[in-house]
$ cat run-v9.txt   # compact mmCIF, C-alpha atoms
# COMPACT_ATOMS: atom_id res chain seq x y z
CA MET W 1 13.73 34.37 93.67
CA ALA W 2 14.39 37.31 95.98
CA GLN W 3 14.03 35.00 98.95
CA THR W 4 16.62 32.58 97.54
CA ALA W 5 19.05 35.45 96.98
CA TYR W 6 18.54 36.70 100.54
CA GLN W 7 19.07 33.24 101.98
CA SER W 8 22.25 32.65 100.04
CA VAL W 9 23.71 35.90 101.36
CA SER W 10 22.60 35.67 104.96
CA ALA W 11 23.42 31.97 105.28
CA GLN W 12 27.03 32.20 104.16
CA GLY W 13 28.43 32.27 107.67
CA ASP W 14 28.34 29.21 109.85
CA VAL W 15 28.48 28.83 113.62
CA GLY W 16 32.28 28.99 113.56
CA ASP W 17 32.13 32.46 112.01
CA TYR W 18 29.98 33.70 114.87
CA VAL W 19 32.49 32.23 117.30
CA ALA W 20 35.27 34.05 115.41
CA LEU W 21 33.34 37.32 115.92
CA LEU W 22 33.84 36.87 119.65
CA LYS W 23 37.67 37.03 119.31
CA PRO W 24 38.18 33.80 121.28
CA ARG W 25 41.94 34.28 121.74
CA VAL W 26 41.49 37.69 123.34
CA MET W 27 38.61 36.28 125.34
CA SER W 28 40.78 33.57 126.91
CA LEU W 29 43.07 36.12 128.60
CA VAL W 30 40.12 38.27 129.66
CA VAL W 31 38.34 35.28 131.16
CA PHE W 32 41.43 34.08 132.97
CA SER W 33 42.17 37.47 134.53
CA GLY W 34 38.50 37.79 135.52
CA PHE W 35 38.62 34.37 137.13
CA ALA W 36 41.79 35.37 138.98
CA GLY W 37 40.07 38.43 140.47
CA LEU W 38 37.20 36.23 141.56
CA ALA W 39 39.48 33.51 142.98
CA VAL W 40 41.68 35.76 145.10
CA ALA W 41 38.89 37.97 146.45
CA PRO W 42 38.09 37.44 150.12
CA GLY W 43 34.82 35.70 150.83
CA ALA W 44 32.95 32.73 149.48
CA MET W 45 30.75 32.47 146.44
CA HIS W 46 28.45 29.67 145.29
CA PRO W 47 30.44 27.75 142.64
CA VAL W 48 27.61 27.88 140.09
CA LEU W 49 27.23 31.63 140.53
CA ALA W 50 31.01 32.04 140.28
CA ALA W 51 31.00 30.06 137.02
CA VAL W 52 28.13 32.21 135.74
CA ALA W 53 30.06 35.38 136.65
CA VAL W 54 33.09 34.18 134.65
CA PHE W 55 30.76 33.21 131.80
CA CYS W 56 29.30 36.74 131.82
CA ILE W 57 32.80 38.24 131.57
CA ALA W 58 33.50 35.95 128.60
CA LEU W 59 30.20 36.85 126.97
CA ALA W 60 30.72 40.59 127.42
CA SER W 61 34.27 40.35 126.10
CA GLY W 62 33.03 38.51 123.01
CA ALA W 63 30.22 41.02 122.56
CA ALA W 64 32.67 43.93 122.66
CA GLY W 65 34.83 42.10 120.11
CA ALA W 66 31.85 41.60 117.77
CA ILE W 67 30.84 45.28 117.99
CA ASN W 68 34.49 46.25 117.40
CA MET W 69 34.57 44.07 114.27
CA TRP W 70 31.35 45.68 113.07
CA TYR W 71 32.74 49.22 113.49
CA ASP W 72 36.20 48.41 112.12
CA ARG W 73 35.01 46.39 109.12
CA ASP W 74 36.41 48.97 106.67
CA ILE W 75 39.95 48.96 108.06
CA ASP W 76 39.85 45.23 108.83
CA ALA W 77 39.48 44.62 105.09
CA LEU W 78 42.69 46.57 104.48
CA MET W 79 44.90 44.80 107.01
CA GLU W 80 46.49 41.43 106.35
CA ARG W 81 46.02 40.31 109.96
CA THR W 82 42.27 41.03 109.94
CA ARG W 83 41.06 40.67 106.36
CA GLY W 84 40.10 37.04 107.00
CA ARG W 85 37.57 38.03 109.67
CA PRO W 86 33.91 37.10 109.06
CA ILE W 87 32.67 40.57 108.07
CA PRO W 88 35.38 41.52 105.52
CA THR W 89 35.06 38.09 103.93
CA GLY W 90 31.30 38.59 103.62
CA LYS W 91 30.44 35.56 105.72
CA ILE W 92 28.47 37.64 108.20
CA GLU W 93 26.51 40.78 107.42
CA PRO W 94 27.64 43.87 109.38
CA SER W 95 24.15 44.43 110.80
CA GLU W 96 24.04 40.81 112.01
CA ALA W 97 27.36 41.24 113.78
CA LEU W 98 26.18 44.45 115.45
CA ALA W 99 22.92 42.88 116.61
CA PHE W 100 24.80 39.80 117.82
CA GLY W 101 27.21 41.95 119.86
CA VAL W 102 24.57 44.22 121.36
CA ILE W 103 22.30 41.33 122.37
CA LEU W 104 25.21 39.42 123.93
CA ALA W 105 26.42 42.49 125.84
CA ALA W 106 22.97 43.26 127.20
CA GLY W 107 22.45 39.60 128.14
CA ALA W 108 25.83 39.40 129.88
CA VAL W 109 25.22 42.51 132.00
CA MET W 110 21.71 41.40 132.89
CA LEU W 111 22.86 37.90 133.87
CA MET W 112 25.77 39.31 135.89
CA PHE W 113 23.34 41.49 137.84
CA LEU W 114 21.05 38.53 138.45
CA ALA W 115 23.88 36.18 139.50
CA THR W 116 26.07 38.56 141.50
CA ASN W 117 25.51 42.23 142.33
CA ALA W 118 24.99 45.70 140.89
CA VAL W 119 28.66 46.73 141.26
CA ALA W 120 29.97 43.82 139.16
CA ALA W 121 27.22 44.31 136.55
CA THR W 122 27.92 48.05 136.34
CA LEU W 123 31.67 47.47 135.94
CA LEU W 124 30.95 44.93 133.20
CA ALA W 125 28.73 47.42 131.36
CA VAL W 126 31.34 50.17 131.76
CA ALA W 127 34.07 47.86 130.38
CA VAL W 128 32.04 47.08 127.25
CA LEU W 129 30.99 50.71 126.71
CA PHE W 130 34.56 51.88 127.27
CA TYR W 131 35.93 49.40 124.73
CA VAL W 132 33.31 50.28 122.13
CA PHE W 133 32.93 54.03 122.49
CA VAL W 134 36.20 55.22 124.04
CA TYR W 135 38.66 52.83 122.37
CA THR W 136 37.03 51.69 119.11
CA VAL W 137 35.00 54.72 118.09
CA TRP W 138 36.93 57.61 119.67
CA LEU W 139 40.61 56.82 120.16
CA LYS W 140 41.67 54.03 117.81
CA ARG W 141 41.74 56.10 114.63
CA ARG W 142 42.74 59.40 116.26
CA THR W 143 45.75 59.04 118.51
CA PRO W 144 48.83 56.86 119.03
CA GLN W 145 47.80 56.76 122.69
CA ASN W 146 44.76 54.68 121.61
CA ILE W 147 45.82 51.46 123.28
CA VAL W 148 47.19 53.19 126.38
CA ILE W 149 43.85 54.77 127.34
CA GLY W 150 41.76 52.13 125.57
CA GLY W 151 43.73 49.45 127.38
CA ALA W 152 41.70 50.28 130.47
CA ALA W 153 38.83 48.27 128.98
CA GLY W 154 40.93 45.11 129.09
CA ALA W 155 42.01 45.89 132.65
CA PHE W 156 38.49 45.69 134.06
CA PRO W 157 38.01 41.87 134.26
CA PRO W 158 39.95 41.17 137.51
CA ALA W 159 38.15 44.10 139.16
CA ILE W 160 34.82 42.70 137.92
CA GLY W 161 35.70 39.27 139.32
CA TRP W 162 36.68 40.84 142.62
CA ALA W 163 33.46 42.88 142.77
CA ALA W 164 31.38 39.80 141.96
CA VAL W 165 32.55 38.27 145.26
CA THR W 166 32.87 41.29 147.51
CA GLY W 167 30.32 43.69 146.02
CA ASP W 168 33.01 46.35 146.18
CA VAL W 169 36.24 47.51 144.54
CA GLY W 170 39.09 48.09 146.94
CA ILE W 171 42.80 48.74 146.59
CA GLU W 172 43.38 45.08 145.67
CA ALA W 173 41.09 45.30 142.63
CA ALA W 174 42.76 48.59 141.68
CA ILE W 175 46.20 46.92 141.77
CA LEU W 176 45.05 44.10 139.48
CA PHE W 177 43.50 46.72 137.18
CA ALA W 178 46.77 48.70 137.10
CA LEU W 179 48.79 45.56 136.40
CA ILE W 180 46.91 44.93 133.14
CA PHE W 181 46.72 48.64 132.32
CA PHE W 182 50.52 49.02 132.37
CA TRP W 183 51.06 45.64 130.72
CA THR W 184 48.92 46.58 127.67
CA PRO W 185 51.20 49.17 125.98
CA PRO W 186 54.37 47.01 125.78
CA HIS W 187 52.22 44.01 124.81
CA PHE W 188 50.32 45.76 122.05
CA TRP W 189 53.20 47.85 120.73
CA ALA W 190 55.31 44.71 120.37
CA LEU W 191 52.65 43.52 117.91
CA ALA W 192 52.38 46.95 116.31
CA LEU W 193 56.14 47.02 115.69
CA TYR W 194 56.04 44.08 113.31
CA ARG W 195 52.58 44.94 111.92
CA SER W 196 53.19 48.65 111.41
CA GLY W 197 52.83 48.30 107.63
CA ASP W 198 49.34 46.90 108.16
CA TYR W 199 48.33 49.74 110.46
CA ALA W 200 49.83 52.35 108.11
CA ALA W 201 47.89 50.90 105.17
CA ALA W 202 44.67 51.16 107.16
CA GLY W 203 45.46 54.65 108.45
CA VAL W 204 45.44 53.60 112.10
CA PRO W 205 47.82 55.93 114.01
CA MET W 206 49.61 53.28 116.05
CA MET W 207 52.73 54.44 117.89
CA PRO W 208 55.28 52.93 115.42
CA VAL W 209 53.40 54.46 112.48
CA VAL W 210 53.24 57.97 113.96
CA HIS W 211 56.43 58.24 116.05
CA GLY W 212 58.56 55.46 114.59
CA ALA W 213 60.07 52.27 115.99
CA ARG W 214 62.70 53.96 118.19
CA GLU W 215 60.19 56.06 120.16
CA THR W 216 57.85 53.08 120.47
CA LYS W 217 60.63 50.93 121.89
CA ARG W 218 61.55 53.70 124.35
CA GLN W 219 57.96 53.92 125.60
CA MET W 220 57.70 50.13 125.80
CA LEU W 221 60.73 50.16 128.04
CA ILE W 222 59.23 52.86 130.29
CA TYR W 223 55.95 50.97 130.71
CA THR W 224 57.85 47.75 131.41
CA VAL W 225 59.85 49.46 134.16
CA LEU W 226 56.60 50.80 135.64
CA LEU W 227 55.15 47.30 135.48
CA LEU W 228 57.88 45.83 137.73
CA PRO W 229 56.74 47.40 141.05
CA LEU W 230 53.09 46.79 140.11
CA GLY W 231 53.90 43.10 139.75
CA ILE W 232 54.91 42.86 143.40
CA ALA W 233 52.24 45.27 144.67
CA PRO W 234 49.88 42.38 145.63
CA CYS W 235 52.50 41.30 148.21
CA PHE W 236 52.59 44.79 149.75
CA ALA W 237 48.79 44.96 149.72
CA GLY W 238 48.70 41.65 151.59
CA PHE W 239 46.79 39.44 149.15
CA ALA W 240 49.80 37.49 147.84
CA SER W 241 52.83 35.92 149.50
CA TRP W 242 56.47 36.80 148.95
CA THR W 243 57.40 33.12 149.00
CA LEU W 244 55.64 32.07 145.82
CA TYR W 245 53.96 34.99 144.08
CA GLY W 246 56.52 37.63 145.07
CA THR W 247 59.49 35.58 143.92
CA ALA W 248 57.80 34.50 140.69
CA SER W 249 56.64 38.01 139.86
CA VAL W 250 60.16 39.40 140.30
CA VAL W 251 61.58 36.69 137.99
CA LEU W 252 58.81 37.11 135.40
CA GLY W 253 59.10 40.90 135.61
CA LEU W 254 62.86 40.83 135.06
CA LEU W 255 62.37 38.53 132.05
CA PHE W 256 59.80 41.01 130.73
CA LEU W 257 62.35 43.78 131.19
CA ALA W 258 65.00 41.69 129.41
CA ALA W 259 62.57 41.22 126.51
CA ALA W 260 61.96 44.99 126.35
CA VAL W 261 65.71 45.69 126.40
CA SER W 262 66.18 43.10 123.65
CA VAL W 263 63.54 44.90 121.54
CA TRP W 264 65.33 48.21 122.23
CA ILE W 265 68.67 46.80 121.03
CA ASP W 266 67.53 44.55 118.20
CA GLU W 267 66.66 46.27 114.93
CA SER W 268 64.94 43.21 113.46
CA GLU W 269 61.32 42.12 114.09
CA ARG W 270 62.35 38.91 115.83
CA SER W 271 62.65 40.33 119.32
CA ALA W 272 59.31 42.18 118.99
CA LYS W 273 57.59 38.92 118.02
CA ARG W 274 59.28 37.16 120.94
CA MET W 275 58.21 39.92 123.32
CA PHE W 276 54.61 39.77 122.12
CA GLY W 277 54.52 36.04 122.82
CA TYR W 278 56.26 36.43 126.16
CA SER W 279 53.91 39.22 127.27
CA ILE W 280 50.92 36.87 126.87
CA PHE W 281 52.73 34.17 128.83
CA TYR W 282 53.68 36.75 131.49
CA LEU W 283 50.10 37.78 132.24
CA PHE W 284 48.82 34.19 132.24
CA ALA W 285 51.65 33.13 134.54
CA MET W 286 51.22 36.08 136.93
CA PHE W 287 47.53 35.39 137.42
CA ALA W 288 47.99 31.61 137.56
CA ILE W 289 50.61 32.01 140.31
CA LEU W 290 48.41 34.50 142.14
CA ILE W 291 45.57 31.95 142.11
CA ALA W 292 47.91 29.12 143.22
CA ASP W 293 49.34 31.30 145.97
CA ASN W 294 45.86 32.03 147.23
CA MET W 295 44.68 28.41 147.01
CA LEU W 296 47.74 27.18 148.89
CA GLY W 297 47.03 29.71 151.62
CA LEU W 298 50.54 31.15 151.51
CA THR W 299 49.37 34.72 152.04
CA ALA W 300 50.19 35.91 155.57
CA MET I 301 25.79 26.28 75.30
CA THR I 302 23.11 23.90 76.63
CA GLY I 303 25.76 21.91 78.50
CA THR I 304 27.15 25.07 80.13
CA ALA I 305 23.66 26.21 81.14
CA MET I 306 22.95 22.79 82.70
CA THR I 307 26.21 22.90 84.69
CA GLU I 308 25.38 26.40 85.93
CA ASN I 309 21.88 25.25 86.96
CA GLN I 310 23.37 22.30 88.81
CA GLU I 311 25.86 24.58 90.60
CA ASN I 312 23.05 26.97 91.57
CA THR I 313 21.00 24.10 92.97
CA ASN I 314 24.03 22.85 94.96
CA ASP I 315 24.69 26.38 96.25
CA ALA I 316 21.09 26.78 97.33
CA LYS I 317 21.16 23.39 99.08
CA GLY I 318 24.42 24.30 100.83
CA ALA I 319 22.98 27.64 101.93
CA GLN I 320 19.84 25.98 103.23
CA GLY I 321 21.93 23.46 105.16
CA ARG I 322 23.98 26.21 106.77
CA LEU I 323 20.84 28.18 107.60
CA ARG I 324 19.32 25.10 109.24
CA LYS I 325 22.49 24.55 111.29
CA LYS I 326 22.47 28.19 112.36
CA ASN I 327 18.82 27.98 113.38
CA LEU I 328 19.43 24.82 115.38
CA ALA I 329 22.43 26.44 117.09
CA LEU I 330 20.30 29.49 117.91
CA LEU I 331 17.60 27.24 119.34
CA ALA I 332 20.18 25.44 121.50
CA VAL I 333 21.57 28.77 122.72
CA LEU I 334 18.11 30.09 123.61
CA VAL I 335 17.21 26.92 125.50
CA ALA I 336 20.54 26.99 127.37
CA TRP I 337 19.99 30.68 128.16
CA ALA I 338 16.54 30.00 129.60
CA VAL I 339 17.86 27.10 131.70
CA LEU I 340 20.73 29.26 132.96
CA LEU I 341 18.42 32.13 133.98
CA TYR I 342 16.11 29.67 135.69
CA ALA I 343 18.99 28.01 137.61
CA VAL I 344 20.48 31.35 138.69
CA ALA I 345 17.11 32.66 139.81
CA ILE I 346 16.45 29.49 141.85
CA LEU I 347 19.90 29.70 143.48
CA ARG I 348 19.52 33.37 144.34
CA MET I 349 16.03 32.84 145.75
CA GLY I 350 17.47 30.00 147.82
CA GLY I 351 19.84 32.46 149.44
CA ALA I 352 23.04 31.60 147.54
CA SER I 353 25.50 34.42 147.02
$ encode --input "run-v9.txt" --output "structure tokens"
Amino acid sequence: MAQTAYQSVSAQGDVGDYVALLKPRVMSLVVFSGFAGLAVAPGAMHPVLAAVAVFCIALASGAAGAINMWYDRDIDALMERTRGRPIPTGKIEPSEALAFGVILAAGAVMLMFLATNAVAATLLAVAVLFYVFVYTVWLKRRTPQNIVIGGAAGAFPPAIGWAAVTGDVGIEAAILFALIFFWTPPHFWALALYRSGDYAAAGVPMMPVVHGARETKRQMLIYTVLLLPLGIAPCFAGFASWTLYGTASVVLGLLFLAAAVSVWIDESERSAKRMFGYSIFYLFAMFAILIADNMLGLTA
Amino acid sequence: MTGTAMTENQENTNDAKGAQGRLRKKNLALLAVLVAWAVLLYAVAILRMGGAS
């Protein structure tokens, strides 16, 4: 009888729920930026090992997401956006999610070390630990600067990809890191602007909840302005051309700025939603053009 | 009363069968993942020993 009860509880979740634990939508951007770092890095890498390195980044990103869902299960149940996740709905037991995340993270770091080098594996481990302990456990519930500092975790992937090829992190990897680091606040705060009620209900001190929409929009604008020169920094550093990447990054950056200005002016949620969507497109496009630029050999 | 009890029993049996089915699927998925993991480690180790970088 007890066994039947145990089975019925532990077997509620299916494979899809475990996939959902990995935050596949977040993972796609992480994987793509990691691949970009790997693709533009100087030097050659065996294609199978390169694929394994990208797979490790995906695995580690998913693992960090699963551990985050385990830790945040209480507030996830309170927010409309997250209450359908596998743990709040009871489809997956919290302990299962934690074990799943820890095993995946350890496996990803180990495999990265085996397939590439110690620098890439260490960066991967640091990224996961940073996301879990610095962002999730320490900052998220304490300060409105949570996603500014915590955003560093999401900025690691291109540097990891770069290190997987070169075994080092130079100025180029630092530029790609900074690009995502400064992109994160306007991206995330755009979402927070139209989900502030959710965050307030859960007691998460997001910028719009603590300092209001006006201050959030002002800071989004500042970060967007800072992002503009970072967008063209790869051209100055010599790993992207002005012809394709430089031109595209200026256009995309100005559109980003226009979106931020629109959010600043518009009192409704519409422009914030539009900016959130555009910010995702922006990062995908920037890295896609950087890869294309590199593959076409346009860099001087 | 008897009819209600029978319906409840039937529902419990269906629930248990559904749970068992999901558990079996999960176990098979876990098996597939473990096999794929072993193959991946083996392939990477062979490549690295062969001098690939």
$ atom_distance --input "run-v9.txt" --atom1 "atom CA of W:Thr247" --atom2 "atom CA of W:Ile175"
17.6 Å
$ closest_residue --input "run-v9.txt" --among "W:Phe32, W:Phe156, W:Phe113, W:Tyr71" --to "chain I" --atoms "all atoms listed in the file"
W:Phe113
$ residues_around --input "run-v9.txt" --residues "W:His211" --least-positions-apart "5" --cutoff "9 Å" --atoms "only C-alpha atoms" --output "list in words"
Pro144, Met206 and Thr216 of chain W
$ atom_distance --input "run-v9.txt" --atom1 "atom CA of W:Asp168" --atom2 "atom CA of W:Val119"
6.6 Å
$ atom_distance --input "run-v9.txt" --atom1 "atom CA of W:Gly37" --atom2 "atom CA of W:Asn117"
15.2 Å
$ interface_residues --input "run-v9.txt" --of "chain I" --to "chain W" --cutoff "10 Å" --atoms "only C-alpha atoms" --output "VMD selection string"
chain I and resid 315 to 327 329 to 330 337 340 to 341 343 to 345 347 to 348 351 to 353
$ residues_around --input "run-v9.txt" --residues "W:Arg195" --least-positions-apart "3" --cutoff "12 Å" --atoms "only C-alpha atoms" --output "number ranges by chain"
W: 79-82, 188-192, 198-202, 204, 206-209, 213, 269, 272-273, 276
$ residues_near_point --input "run-v9.txt" --point "(38.0, 44.6, 143.7)" --cutoff "10 Å" --atoms "only C-alpha atoms" --output "count of residues only"
29
